[in-house]
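Asks: The following file, input14.txt, comprises compact mmCIF, C-alpha atoms and all ligand atoms:
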```
# COMPACT_ATOMS: atom_id res chain seq x y z
CA MET A 1124 -45.26 -5.01 1.73
CA ALA A 1125 -48.37 -6.36 3.41
CA THR A 1126 -51.76 -4.79 2.67
CA ARG A 1127 -54.00 -3.79 5.55
CA ILE A 1128 -57.73 -4.58 5.63
CA LEU A 1129 -59.31 -1.27 6.69
CA SER A 1130 -62.87 -2.53 6.95
CA LYS A 1131 -64.88 -5.65 6.39
CA GLU A 1132 -68.62 -5.83 5.78
CA GLY A 1133 -70.43 -9.15 5.59
CA LEU A 1134 -72.83 -8.85 2.66
CA ILE A 1135 -74.10 -12.44 2.86
CA PRO A 1136 -73.20 -13.91 6.28
CA GLY A 1137 -70.33 -16.40 6.01
CA LYS A 1138 -70.52 -16.39 2.20
CA THR A 1139 -69.73 -13.00 0.72
CA SER A 1140 -67.90 -10.03 2.21
CA LYS A 1141 -66.73 -6.63 1.07
CA LEU A 1142 -63.22 -5.58 2.04
CA VAL A 1143 -61.76 -2.09 1.85
CA LEU A 1144 -57.98 -2.43 1.49
CA HIS A 1145 -55.30 0.21 1.99
CA ALA A 1146 -53.53 -0.05 -1.37
CA PRO A 1147 -52.64 3.49 -2.54
CA ALA A 1148 -50.39 2.43 -5.44
CA ILE A 1149 -53.10 0.17 -6.85
CA ALA A 1150 -55.89 2.68 -6.20
CA ALA A 1151 -53.94 5.36 -8.10
CA LYS A 1152 -53.78 3.26 -11.27
CA ALA A 1153 -56.73 0.84 -11.21
CA LYS A 1154 -59.54 1.27 -13.71
CA PRO A 1155 -62.80 -0.66 -14.15
CA GLY A 1156 -62.08 -4.22 -15.31
CA HIS A 1157 -58.72 -4.53 -13.57
CA PHE A 1158 -58.09 -7.28 -11.02
CA VAL A 1159 -55.60 -8.12 -8.29
CA ILE A 1160 -53.91 -11.37 -7.30
CA MET A 1161 -53.77 -11.96 -3.55
CA ARG A 1162 -51.88 -14.36 -1.33
CA MET A 1163 -53.05 -14.38 2.25
CA HIS A 1164 -49.96 -15.93 3.86
CA GLU A 1165 -46.57 -17.48 3.07
CA LYS A 1166 -47.97 -20.90 2.15
CA GLY A 1167 -51.16 -19.59 0.55
CA GLU A 1168 -52.19 -19.98 -3.09
CA ARG A 1169 -52.54 -16.95 -5.34
CA ILE A 1170 -56.14 -16.03 -6.18
CA PRO A 1171 -57.44 -13.43 -8.64
CA LEU A 1172 -60.20 -11.06 -7.52
CA THR A 1173 -61.75 -8.31 -9.60
CA ILE A 1174 -61.55 -4.78 -8.17
CA ALA A 1175 -65.11 -3.66 -7.33
CA ASP A 1176 -64.27 0.01 -6.65
CA THR A 1177 -61.42 2.41 -5.91
CA ASP A 1178 -60.90 5.67 -4.07
CA PRO A 1179 -57.59 7.13 -5.28
CA GLU A 1180 -57.81 10.03 -2.81
CA LYS A 1181 -58.13 7.74 0.19
CA GLY A 1182 -55.75 5.19 -1.39
CA THR A 1183 -58.25 2.35 -1.07
CA ILE A 1184 -59.64 -0.43 -3.23
CA VAL A 1185 -62.75 -2.56 -2.68
CA ILE A 1186 -62.79 -6.33 -3.10
CA VAL A 1187 -65.92 -8.48 -2.89
CA TYR A 1188 -65.52 -12.25 -2.76
CA LEU A 1189 -67.60 -15.39 -2.56
CA VAL A 1190 -66.33 -18.10 -0.21
CA MET A 1191 -65.69 -20.90 -2.71
CA GLY A 1192 -62.78 -22.83 -1.24
CA LYS A 1193 -59.89 -22.77 1.19
CA SER A 1194 -58.29 -19.45 0.18
CA THR A 1195 -61.51 -17.46 0.25
CA ALA A 1196 -62.37 -19.16 3.56
CA VAL A 1197 -58.99 -17.98 4.93
CA LEU A 1198 -59.87 -14.46 3.75
CA GLU A 1199 -63.30 -14.74 5.39
CA HIS A 1200 -61.59 -15.50 8.70
CA MET A 1201 -59.54 -12.30 8.47
CA ASP A 1202 -60.83 -9.00 9.79
CA ALA A 1203 -60.31 -5.23 9.76
CA GLY A 1204 -56.78 -4.51 11.02
CA ASP A 1205 -55.34 -7.77 9.62
CA ASP A 1206 -52.71 -7.73 6.89
CA ILE A 1207 -52.84 -9.66 3.62
CA LEU A 1208 -49.33 -10.78 2.70
CA ASP A 1209 -49.39 -9.84 -1.02
CA VAL A 1210 -51.84 -7.89 -3.13
CA CYS A 1211 -50.49 -7.53 -6.67
CA GLY A 1212 -52.12 -5.26 -9.21
CA PRO A 1213 -53.73 -3.68 -11.03
CA LEU A 1214 -53.55 -6.60 -13.47
CA GLY A 1215 -55.08 -7.26 -16.88
CA HIS A 1216 -56.44 -4.78 -19.37
CA PRO A 1217 -59.05 -2.33 -18.12
CA THR A 1218 -62.49 -2.37 -19.71
CA ARG A 1219 -62.65 -0.58 -23.07
CA ILE A 1220 -65.12 2.14 -22.24
CA GLU A 1221 -66.27 4.12 -25.26
CA ARG A 1222 -69.08 6.60 -25.71
CA GLY A 1223 -71.81 4.90 -27.64
CA GLY A 1224 -75.25 5.40 -26.14
CA THR A 1225 -76.95 2.69 -24.12
CA VAL A 1226 -74.92 -0.07 -22.51
CA VAL A 1227 -76.55 -2.96 -20.67
CA CYS A 1228 -74.44 -4.22 -17.75
CA VAL A 1229 -75.43 -7.71 -16.58
CA GLY A 1230 -74.28 -9.02 -13.20
CA GLY A 1231 -75.02 -12.37 -11.59
CA GLY A 1232 -74.45 -13.22 -7.92
CA THR A 1233 -71.05 -12.04 -6.67
CA GLY A 1234 -70.26 -10.86 -10.20
CA ILE A 1235 -72.60 -7.90 -9.61
CA ALA A 1236 -69.87 -6.21 -7.52
CA ALA A 1237 -67.27 -6.30 -10.31
CA MET A 1238 -69.90 -5.37 -12.91
CA HIS A 1239 -70.84 -2.32 -10.79
CA HIS A 1240 -67.31 -0.87 -11.28
CA ILE A 1241 -67.55 -1.29 -15.07
CA ALA A 1242 -71.08 0.20 -15.13
CA LYS A 1243 -69.82 3.19 -13.13
CA GLY A 1244 -67.07 3.74 -15.72
CA HIS A 1245 -69.70 3.84 -18.49
CA ALA A 1246 -71.88 6.24 -16.50
CA ARG A 1247 -68.89 8.55 -15.89
CA ILE A 1248 -68.28 9.10 -19.60
CA GLY A 1249 -71.97 9.75 -20.26
CA ASN A 1250 -73.29 6.45 -21.58
CA ARG A 1251 -76.83 5.49 -20.63
CA VAL A 1252 -76.44 2.57 -18.21
CA VAL A 1253 -79.04 -0.16 -17.87
CA GLY A 1254 -78.19 -2.55 -15.03
CA VAL A 1255 -79.56 -6.08 -15.12
CA ILE A 1256 -78.80 -7.96 -11.91
CA GLY A 1257 -79.84 -11.34 -10.63
CA ALA A 1258 -79.36 -13.66 -7.70
CA ARG A 1259 -80.88 -16.90 -6.50
CA SER A 1260 -82.95 -15.04 -3.87
CA LYS A 1261 -83.42 -11.54 -2.42
CA ASP A 1262 -80.93 -12.04 0.45
CA LEU A 1263 -78.17 -12.87 -2.08
CA LEU A 1264 -78.62 -9.74 -4.20
CA LEU A 1265 -75.65 -7.35 -3.94
CA PHE A 1266 -74.96 -3.70 -4.79
CA GLU A 1267 -78.56 -2.77 -5.66
CA LYS A 1268 -78.31 0.56 -3.82
CA GLU A 1269 -74.92 1.42 -5.35
CA LEU A 1270 -76.13 0.69 -8.89
CA ASP A 1271 -79.38 2.51 -8.31
CA SER A 1272 -77.40 5.66 -7.46
CA PHE A 1273 -76.08 6.08 -11.02
CA ALA A 1274 -77.84 3.62 -13.38
CA ASP A 1275 -80.51 5.07 -15.65
CA GLU A 1276 -82.53 1.87 -15.36
CA LEU A 1277 -82.15 -1.14 -13.08
CA LEU A 1278 -83.82 -4.48 -13.82
CA ILE A 1279 -83.78 -7.19 -11.17
CA SER A 1280 -84.49 -10.91 -11.15
CA THR A 1281 -84.32 -13.67 -8.57
CA ASP A 1282 -84.45 -17.37 -9.39
CA ASP A 1283 -87.10 -17.98 -6.70
CA GLY A 1284 -89.14 -14.82 -7.31
CA SER A 1285 -88.49 -13.45 -3.79
CA TYR A 1286 -87.61 -10.04 -5.32
CA GLY A 1287 -87.95 -8.47 -8.75
CA ARG A 1288 -88.87 -10.71 -11.66
CA ARG A 1289 -88.88 -14.48 -11.08
CA GLY A 1290 -86.33 -16.05 -13.42
CA LEU A 1291 -82.85 -15.47 -14.82
CA VAL A 1292 -81.07 -12.26 -15.86
CA THR A 1293 -81.06 -13.45 -19.47
CA GLU A 1294 -84.86 -13.23 -19.65
CA LEU A 1295 -84.76 -9.56 -18.62
CA LEU A 1296 -81.88 -8.96 -21.04
CA ARG A 1297 -83.74 -10.53 -23.99
CA GLU A 1298 -86.84 -8.42 -23.31
CA LYS A 1299 -84.72 -5.27 -23.04
CA LEU A 1300 -83.03 -5.98 -26.38
CA GLU A 1301 -86.43 -6.67 -28.00
CA ARG A 1302 -87.80 -3.27 -27.02
CA ASP A 1303 -84.68 -1.07 -27.21
CA ASN A 1304 -82.60 -0.89 -30.38
CA THR A 1305 -80.25 1.80 -29.01
CA VAL A 1306 -78.14 -0.74 -27.04
CA PHE A 1307 -74.59 -0.68 -28.46
CA GLU A 1308 -72.93 -3.07 -25.99
CA VAL A 1309 -73.76 -5.68 -23.36
CA VAL A 1310 -71.21 -6.38 -20.61
CA ALA A 1311 -71.60 -9.45 -18.41
CA VAL A 1312 -69.86 -10.53 -15.20
CA GLY A 1313 -70.92 -13.57 -13.18
CA PRO A 1314 -70.92 -17.35 -13.21
CA VAL A 1315 -69.67 -18.98 -16.44
CA PRO A 1316 -73.10 -20.50 -17.35
CA MET A 1317 -74.60 -17.01 -17.03
CA MET A 1318 -71.97 -15.39 -19.27
CA ALA A 1319 -72.41 -18.18 -21.85
CA ALA A 1320 -76.20 -17.67 -21.73
CA VAL A 1321 -75.81 -13.88 -22.10
CA ALA A 1322 -73.68 -14.41 -25.24
CA GLN A 1323 -76.35 -16.79 -26.63
CA THR A 1324 -79.08 -14.24 -25.87
CA THR A 1325 -77.34 -11.30 -27.58
CA ARG A 1326 -76.13 -13.24 -30.64
CA PRO A 1327 -79.38 -12.94 -32.68
CA PHE A 1328 -79.46 -9.19 -31.95
CA GLY A 1329 -75.90 -8.71 -33.23
CA VAL A 1330 -74.98 -6.59 -30.19
CA LYS A 1331 -71.33 -6.42 -29.11
CA THR A 1332 -70.99 -8.57 -25.97
CA THR A 1333 -68.11 -8.39 -23.50
CA VAL A 1334 -67.59 -10.98 -20.77
CA SER A 1335 -65.12 -10.95 -17.88
CA LEU A 1336 -63.53 -14.38 -17.54
CA ASN A 1337 -62.42 -15.92 -14.27
CA PRO A 1338 -60.16 -18.93 -15.02
CA VAL A 1339 -57.67 -20.33 -12.51
CA MET A 1340 -54.65 -18.01 -12.34
CA VAL A 1341 -51.22 -18.40 -10.78
CA ASP A 1342 -48.71 -15.69 -11.74
CA GLY A 1343 -51.13 -13.25 -13.41
CA ILE A 1344 -48.43 -11.97 -15.78
CA GLY A 1345 -48.62 -14.40 -18.70
CA MET A 1346 -45.82 -16.79 -17.74
CA CYS A 1347 -47.49 -19.91 -16.30
CA GLY A 1348 -50.32 -20.65 -18.76
CA ALA A 1349 -52.82 -21.53 -16.02
CA CYS A 1350 -55.41 -19.03 -17.26
CA ARG A 1351 -55.42 -20.31 -20.87
CA VAL A 1352 -58.75 -19.78 -22.65
CA SER A 1353 -59.79 -20.23 -26.29
CA VAL A 1354 -61.25 -17.16 -27.97
CA GLY A 1355 -62.14 -17.29 -31.67
CA GLY A 1356 -60.10 -20.50 -32.00
CA LYS A 1357 -56.96 -18.84 -30.65
CA THR A 1358 -55.27 -19.42 -27.32
CA LYS A 1359 -55.36 -16.40 -25.05
CA PHE A 1360 -54.14 -15.83 -21.52
CA ALA A 1361 -56.93 -14.19 -19.52
CA CYS A 1362 -54.45 -12.41 -17.23
CA VAL A 1363 -52.59 -10.47 -19.91
CA ASP A 1364 -54.91 -10.65 -22.97
CA GLY A 1365 -58.09 -10.21 -20.87
CA PRO A 1366 -59.80 -10.70 -18.54
CA GLU A 1367 -62.49 -9.31 -20.85
CA PHE A 1368 -63.20 -10.88 -24.22
CA ASP A 1369 -65.79 -10.95 -26.98
CA GLY A 1370 -68.45 -13.25 -25.51
CA HIS A 1371 -69.47 -14.48 -28.98
CA LEU A 1372 -65.98 -15.94 -29.52
CA VAL A 1373 -65.25 -17.55 -26.12
CA ASP A 1374 -65.17 -21.35 -25.83
CA PHE A 1375 -67.24 -21.54 -22.62
CA ASP A 1376 -67.31 -25.37 -22.57
CA GLU A 1377 -63.52 -25.49 -22.39
CA LEU A 1378 -63.50 -22.78 -19.69
CA ARG A 1379 -66.01 -24.82 -17.65
CA ARG A 1380 -63.86 -27.98 -18.01
CA ARG A 1381 -60.67 -26.19 -17.03
CA LEU A 1382 -62.35 -24.54 -14.02
CA SER A 1383 -63.49 -27.94 -12.72
CA ALA A 1384 -60.17 -29.74 -13.35
CA TYR A 1385 -59.04 -29.47 -9.73
CA ARG A 1386 -62.49 -29.57 -8.10
CA ASP A 1387 -61.78 -32.75 -6.08
CA GLN A 1388 -58.48 -31.39 -4.73
CA GLU A 1389 -60.10 -28.01 -3.99
CA LYS A 1390 -62.93 -29.74 -2.11
CA ARG A 1391 -60.51 -31.89 -0.11
CA SER A 1392 -58.33 -28.90 0.76
CA PHE A 1393 -61.39 -26.92 1.92
CA GLU A 1394 -62.63 -29.85 4.04
CA LEU A 1395 -59.22 -30.31 5.69
CA TYR A 1396 -59.05 -26.58 6.45
CA GLU A 1397 -62.55 -26.53 7.98
CA LYS A 1398 -61.78 -29.66 10.00
CA ALA A 1399 -58.55 -28.15 11.35
CA ARG A 1400 -60.47 -25.04 12.47
CA SER A 1401 -63.31 -26.93 14.17
P1 LIG B 1501 -75.26 -17.81 -8.97
O1 LIG B 1501 -74.94 -19.16 -9.46
O2 LIG B 1501 -76.09 -17.67 -7.75
O3 LIG B 1501 -75.97 -17.03 -10.19
C1 LIG B 1501 -76.34 -15.66 -10.05
C2 LIG B 1501 -77.32 -15.31 -11.14
O4 LIG B 1501 -76.73 -15.49 -12.42
C3 LIG B 1501 -78.61 -16.14 -11.16
O5 LIG B 1501 -79.54 -15.67 -10.23
C4 LIG B 1501 -79.07 -15.96 -12.59
O6 LIG B 1501 -79.82 -14.78 -12.78
C5 LIG B 1501 -77.75 -15.86 -13.35
N1 LIG B 1501 -77.44 -17.17 -13.94
C6 LIG B 1501 -76.79 -18.20 -13.37
N2 LIG B 1501 -76.72 -19.25 -14.21
C7 LIG B 1501 -77.39 -18.87 -15.33
C8 LIG B 1501 -77.68 -19.50 -16.58
N3 LIG B 1501 -77.29 -20.75 -16.85
N4 LIG B 1501 -78.38 -18.80 -17.50
C9 LIG B 1501 -78.76 -17.53 -17.25
N5 LIG B 1501 -78.51 -16.87 -16.11
C10 LIG B 1501 -77.84 -17.54 -15.16
O7 LIG B 1501 -73.94 -16.94 -8.78
P2 LIG B 1501 -72.90 -17.03 -7.54
O8 LIG B 1501 -73.05 -18.32 -6.81
O9 LIG B 1501 -72.93 -15.76 -6.79
O10 LIG B 1501 -71.54 -17.16 -8.32
C11 LIG B 1501 -70.92 -16.07 -8.79
C12 LIG B 1501 -69.90 -16.53 -9.81
O11 LIG B 1501 -69.43 -15.37 -10.44
C13 LIG B 1501 -68.74 -17.32 -9.27
O12 LIG B 1501 -68.58 -18.47 -10.06
C14 LIG B 1501 -67.56 -16.37 -9.46
O13 LIG B 1501 -66.38 -17.06 -9.82
C15 LIG B 1501 -68.05 -15.54 -10.61
N6 LIG B 1501 -67.45 -14.21 -10.60
C16 LIG B 1501 -66.82 -13.83 -11.69
C17 LIG B 1501 -66.17 -12.61 -11.73
C18 LIG B 1501 -65.45 -12.22 -12.95
O14 LIG B 1501 -64.71 -11.27 -12.93
N7 LIG B 1501 -65.66 -12.91 -14.06
C19 LIG B 1501 -66.22 -11.76 -10.65
C20 LIG B 1501 -66.92 -12.16 -9.52
C21 LIG B 1501 -67.54 -13.40 -9.51
FE1 LIG B 1502 -50.28 -17.40 -15.52
FE2 LIG B 1502 -52.18 -16.07 -16.79
S1 LIG B 1502 -52.12 -16.62 -14.72
S2 LIG B 1502 -50.41 -17.01 -17.63
```
Translate the structure of the given file into structure tokens.
Ligand code: NAD
Ligand code: FES
Replies:
Amino acid sequence: MATRILSKEGLIPGKTSKLVLHAPAIAAKAKPGHFVIMRMHEKGERIPLTIADTDPEKGTIVIVYLVMGKSTAVLEHMDAGDDILDVCGPLGHPTRIERGGTVVCVGGGTGIAAMHHIAKGHARIGNRVVGVIGARSKDLLLFEKELDSFADELLISTDDGSYGRRGLVTELLREKLERDNTVFEVVAVGPVPMMAAVAQTTRPFGVKTTVSLNPVMVDGIGMCGACRVSVGGKTKFACVDGPEFDGHLVDFDELRRRLSAYRDQEKRSFELYEKARS
């Protein structure tokens, strides 16, 4: 059954949007950390997107995406009232949310939206939530207001210094860990280089570090092997074993290589799509 887009809000014009989808069965079961796999039309590819929020009473889920290629461009050209052909989920394991004290939730760029859902889960069970969010510039910073509504502390950086501290999220994270020894876990969602840098930053402090991986996925149920990642020297499938893993054990170099394996084809496909629309 097709899934209706109830509303669409452009967060960064032409680049990032927030969709509210009517998906009562998913909303009833989804927990922080879960994702969905969507296919926009009959000939479309299947893309994984992390669930950024749910409202079980209204039967809705929130998806936030960055236009990165053809499929997300197709999504960006859809609007409220349109139907997405398939939305399959909730998939993956939810975040393990345990009571422990202070948790630092790090989000970079579009990853802030997915991180916000995890941070909310920690706040709900009574953990002290410190949000650390970063974007290249002020206009690209997402979910500040939402995080501010429940986080106990919110630290912000921009690469160009247009808002908050000038620099990367990892600098704020390192300073936080230096002055606060009550942090029991760091959770990071964002670009792969950021998650790798977060794991490097927390390693000397010996703090548990959880990262949400975003490899290429096809079936999302452990059958195709597309989402293979190496964690602690073992092969794992991000869709059924993850998507969250111990950041100190992830082979980020391999993940980076696998994510770029089809870059030329993805670029060509995007260009052809844009050309056909112009
Ligand atoms: P971006 O490249 O603009 O980076 C955002 C912020 O991350 C930067 O401002 C910086 O603070 C931090 N960062 C980036 N590289 C860093 C590094 N090497 N060291 C330390 N900090 C660094 O982000 P974007 O263009 O919005 O891309 C978002 C990415 O997040 C996409 O690649 C998307 O696939 C990914 N994502 C992942 C998930 C997930 O579930 N894992 C969810 C949503 C988005
Ligand atoms: Fe196919 Fe994970 S997406 S095994």
Asks: As a quick test: using only C-alpha atoms and all ligand atoms, which residues lie no more than 6 Å away from ligand LIG 1501 (chain B)? Give them as a PyMOL selection string.
Replies: chain A and resi 1173+1231-1234+1237+1257-1259+1281-1282+1291-1293+1312-1314+1316-1317+1320+1335-1337
Asks: Create the file for the chosen residues now, containing C-alpha atoms and written as a compact mmCIF listing (two decimals), keeping the file's coordinate frame.
Replies:
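Final output, saved to again21.txt:
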```
# COMPACT_ATOMS: atom_id res chain seq x y z
CA THR A 1173 -61.75 -8.31 -9.60
CA GLY A 1231 -75.02 -12.37 -11.59
CA GLY A 1232 -74.45 -13.22 -7.92
CA THR A 1233 -71.05 -12.04 -6.67
CA GLY A 1234 -70.26 -10.86 -10.20
CA ALA A 1237 -67.27 -6.30 -10.31
CA GLY A 1257 -79.84 -11.34 -10.63
CA ALA A 1258 -79.36 -13.66 -7.70
CA ARG A 1259 -80.88 -16.90 -6.50
CA THR A 1281 -84.32 -13.67 -8.57
CA ASP A 1282 -84.45 -17.37 -9.39
CA LEU A 1291 -82.85 -15.47 -14.82
CA VAL A 1292 -81.07 -12.26 -15.86
CA THR A 1293 -81.06 -13.45 -19.47
CA VAL A 1312 -69.86 -10.53 -15.20
CA GLY A 1313 -70.92 -13.57 -13.18
CA PRO A 1314 -70.92 -17.35 -13.21
CA PRO A 1316 -73.10 -20.50 -17.35
CA MET A 1317 -74.60 -17.01 -17.03
CA ALA A 1320 -76.20 -17.67 -21.73
CA SER A 1335 -65.12 -10.95 -17.88
CA LEU A 1336 -63.53 -14.38 -17.54
CA ASN A 1337 -62.42 -15.92 -14.27
```
Asks: Considering only C-alpha atoms and all ligand atoms, give me a table of residues in chain A that are at most 6 Å from ligand LIG 1502 (chain B), with the closest atom pair and distance in Å for each, as a tab-separated table.
Replies:
```
residue	atom	partner	partner_atom	distance
A:Met1340	CA	B:LIG1502	S1	3.7
A:Val1341	CA	B:LIG1502	S1	4.4
A:Asp1342	CA	B:LIG1502	FE1	4.4
A:Gly1343	CA	B:LIG1502	S1	3.7
A:Ile1344	CA	B:LIG1502	FE2	5.6
A:Gly1345	CA	B:LIG1502	S2	3.3
A:Met1346	CA	B:LIG1502	S2	4.6
A:Cys1347	CA	B:LIG1502	FE1	3.8
A:Gly1348	CA	B:LIG1502	S2	3.8
A:Ala1349	CA	B:LIG1502	FE1	4.9
A:Cys1350	CA	B:LIG1502	FE2	4.4
A:Phe1360	CA	B:LIG1502	FE2	5.1
A:Ala1361	CA	B:LIG1502	FE2	5.8
A:Cys1362	CA	B:LIG1502	FE2	4.3
```
Asks: Can you pull out the residues contacting stretch 1248-1253 of chain A? Cut-off 7 Å, using only C-alpha atoms, and skip same-chain residues under 5 positions away; I want them as JSON, numbers by chain.
Replies: {"A": [1222, 1223, 1224, 1225, 1226, 1227, 1228, 1242, 1274, 1275, 1276, 1277]}
Asks: Measure the distance from atom CA of A:Val1185 to atom CA of A:Ala1125 in Å and round it to one decimal.
Replies: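 Straight-line distance from atom CA of A:Val1185 to atom CA of A:Ala1125 works out to 16.1 Å.
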Asks: Determine the nearest neighbour of A:Glu1389 from the options A:Pro1155, A:Gly1370, A:Gly1204, A:Gly1192, counting all atoms listed in the file.
Replies: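 When distances to A:Glu1389 are compared using all atoms listed in the file, the smallest one comes from A:Gly1192.
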Asks: State, in Å with one decimal place, the distance from atom CA of A:Ala1175 to atom CA of A:His1240.
Replies: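 Taking atom CA of A:Ala1175 and atom CA of A:His1240, their separation equals 5.3 Å.
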Asks: Which residue out of A:Arg1379, A:Lys1299, A:Arg1288, A:Lys1154 has the minimum interatomic distance to A:Pro1217 when only C-alpha atoms are used?
Replies: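 Closest candidate: A:Lys1154.
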Asks: Can you work out which one of A:Ile1135, A:Met1161, A:Ser1130, A:His1216 has the shortest atom-to-atom distance to A:Ser1260, counting all atoms listed in the file?
Replies: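 Checking each candidate against A:Ser1260, we get A:Ile1135 as the closest.
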Asks: Looking at all atoms listed in the file, which of A:Leu1208, A:Ile1149, A:Leu1295, A:Leu1129 is the one that sits closest to A:Lys1166?
Replies: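 Among the listed residues, the smallest separation from A:Lys1166 belongs to A:Leu1208.
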Asks: So how many Å separate atom CA of A:Val1352 and atom CA of A:Asp1376, to one decimal?
Replies: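 Atom-to-atom, atom CA of A:Val1352 and atom CA of A:Asp1376 are spaced 10.2 Å apart.
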Asks: Name the closest residue to A:Thr1333 among the candidates A:Cys1211, A:Ile1186, A:Leu1372, A:Ala1153; distances are taken between atoms, counting all atoms listed in the file.
Replies: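 The closest residue to A:Thr1333 is A:Leu1372.
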Asks: Near A:Thr1332, within 6 Å and counting all atoms listed in the file, which residues show up once chain neighbours fewer than 6 positions away are dropped, as JSON, numbers by chain?
Replies: {"A": [1308, 1309, 1310, 1369, 1370]}
Asks: Using only C-alpha atoms, can you tell me which of A:Ile1256, A:Val1190, A:Leu1144, A:Asp1206 comes closest to A:Met1124?
Replies: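 Once distances to A:Met1124 are computed over only C-alpha atoms, the minimum belongs to A:Asp1206.
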Asks: Mind checking which residues fall within 7 Å of A:Gly1182, counting only C-alpha atoms, ignoring those fewer than 5 positions away in the same chain, and posting them as an NGL selection string?
Replies: :A and (1145-1147 or 1150-1151)
Asks: Which polymer residues, protein or nucleic acid, are no farther than 9 Å from (-75.5, -14.3, 1.4), counting only C-alpha atoms, as a ChimeraX atom specification?
Replies: /A:1133-1140,1189,1262-1265
Asks: Residues near stretch 1198-1203 of chain A, anyone? I mean within 6 Å using only C-alpha atoms, not counting same-chain ones fewer than 2 positions away, as a PDB file with C-alpha atoms, in the coordinates of the input.
Replies:
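Now in selection30.pdb:
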```pdb
ATOM      1  CA  ILE A1128     -57.730  -4.580   5.630  1.00  0.00           C
ATOM      2  CA  LEU A1129     -59.310  -1.270   6.690  1.00  0.00           C
ATOM      3  CA  SER A1130     -62.870  -2.530   6.950  1.00  0.00           C
ATOM      4  CA  LYS A1131     -64.880  -5.650   6.390  1.00  0.00           C
ATOM      5  CA  THR A1195     -61.510 -17.460   0.250  1.00  0.00           C
ATOM      6  CA  ALA A1196     -62.370 -19.160   3.560  1.00  0.00           C
ATOM      7  CA  ASP A1205     -55.340  -7.770   9.620  1.00  0.00           C
TER       8      ASP A1205
END
```
Asks: Can you tell me, as a VMD selection string, what residues are no more than 8 Å from A:Val1321 when counting all atoms listed in the file, ignoring any on the same chain fewer than 3 positions away?
Replies: chain A and resid 1293 1296 1311 1317 to 1318 1324 to 1325
Asks: Using the file's own x, y and z axes, what box holds all listed atoms of stretch 1143-1146 of chain A with 3 Å on each side, keeping edges along x, y and z, and what are its centre and edge lengths in Å to one decimal, as AutoDock Vina command-line options?
Replies:
```
--center_x -57.6 --center_y -1.1 --center_z 0.3 --size_x 14.2 --size_y 8.6 --size_z 9.4
```
Asks: Around (-56.9, -7.0, -22.2) in the file's frame, which residues reach within 10 Å when counting only C-alpha atoms? Return as a list in words?
Replies: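 Residues satisfying the cut-off, written out: Gly1156, His1157, Leu1214, Gly1215, His1216, Pro1217, Thr1218, Arg1219, Lys1359, Phe1360, Ala1361, Cys1362, Val1363, Asp1364, Gly1365, Pro1366, Glu1367 and Phe1368 of chain A.
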Asks: Kindly export the residues of the current selection with C-alpha atoms, as a PDB file, in the frame of the given file.
Replies:
```pdb
ATOM      1  CA  GLY A1156     -62.080  -4.220 -15.310  1.00  0.00           C
ATOM      2  CA  HIS A1157     -58.720  -4.530 -13.570  1.00  0.00           C
ATOM      3  CA  LEU A1214     -53.550  -6.600 -13.470  1.00  0.00           C
ATOM      4  CA  GLY A1215     -55.080  -7.260 -16.880  1.00  0.00           C
ATOM      5  CA  HIS A1216     -56.440  -4.780 -19.370  1.00  0.00           C
ATOM      6  CA  PRO A1217     -59.050  -2.330 -18.120  1.00  0.00           C
ATOM      7  CA  THR A1218     -62.490  -2.370 -19.710  1.00  0.00           C
ATOM      8  CA  ARG A1219     -62.650  -0.580 -23.070  1.00  0.00           C
ATOM      9  CA  LYS A1359     -55.360 -16.400 -25.050  1.00  0.00           C
ATOM     10  CA  PHE A1360     -54.140 -15.830 -21.520  1.00  0.00           C
ATOM     11  CA  ALA A1361     -56.930 -14.190 -19.520  1.00  0.00           C
ATOM     12  CA  CYS A1362     -54.450 -12.410 -17.230  1.00  0.00           C
ATOM     13  CA  VAL A1363     -52.590 -10.470 -19.910  1.00  0.00           C
ATOM     14  CA  ASP A1364     -54.910 -10.650 -22.970  1.00  0.00           C
ATOM     15  CA  GLY A1365     -58.090 -10.210 -20.870  1.00  0.00           C
ATOM     16  CA  PRO A1366     -59.800 -10.700 -18.540  1.00  0.00           C
ATOM     17  CA  GLU A1367     -62.490  -9.310 -20.850  1.00  0.00           C
ATOM     18  CA  PHE A1368     -63.200 -10.880 -24.220  1.00  0.00           C
TER      19      PHE A1368
END
```
Asks: Any chance you could model N, CA and C atoms for stretch 1153-1158 of chain A and send them as a compact mmCIF listing (two decimals), keeping the file's coordinate frame?
Replies:
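What follows is the written file out.txt:
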```
# COMPACT_ATOMS: atom_id res chain seq x y z
N ALA A 1153 -55.70 1.80 -10.80
CA ALA A 1153 -56.73 0.84 -11.21
C ALA A 1153 -57.91 1.51 -11.92
N LYS A 1154 -58.36 0.82 -12.96
CA LYS A 1154 -59.54 1.27 -13.71
C LYS A 1154 -60.55 0.12 -13.72
N PRO A 1155 -61.82 0.42 -14.07
CA PRO A 1155 -62.80 -0.66 -14.15
C PRO A 1155 -62.28 -1.81 -15.02
N GLY A 1156 -62.52 -3.04 -14.56
CA GLY A 1156 -62.08 -4.22 -15.31
C GLY A 1156 -60.79 -4.82 -14.79
N HIS A 1157 -59.98 -4.02 -14.10
CA HIS A 1157 -58.72 -4.53 -13.57
C HIS A 1157 -58.97 -5.52 -12.42
N PHE A 1158 -57.99 -6.36 -12.16
CA PHE A 1158 -58.09 -7.28 -11.02
C PHE A 1158 -56.78 -7.29 -10.25
```
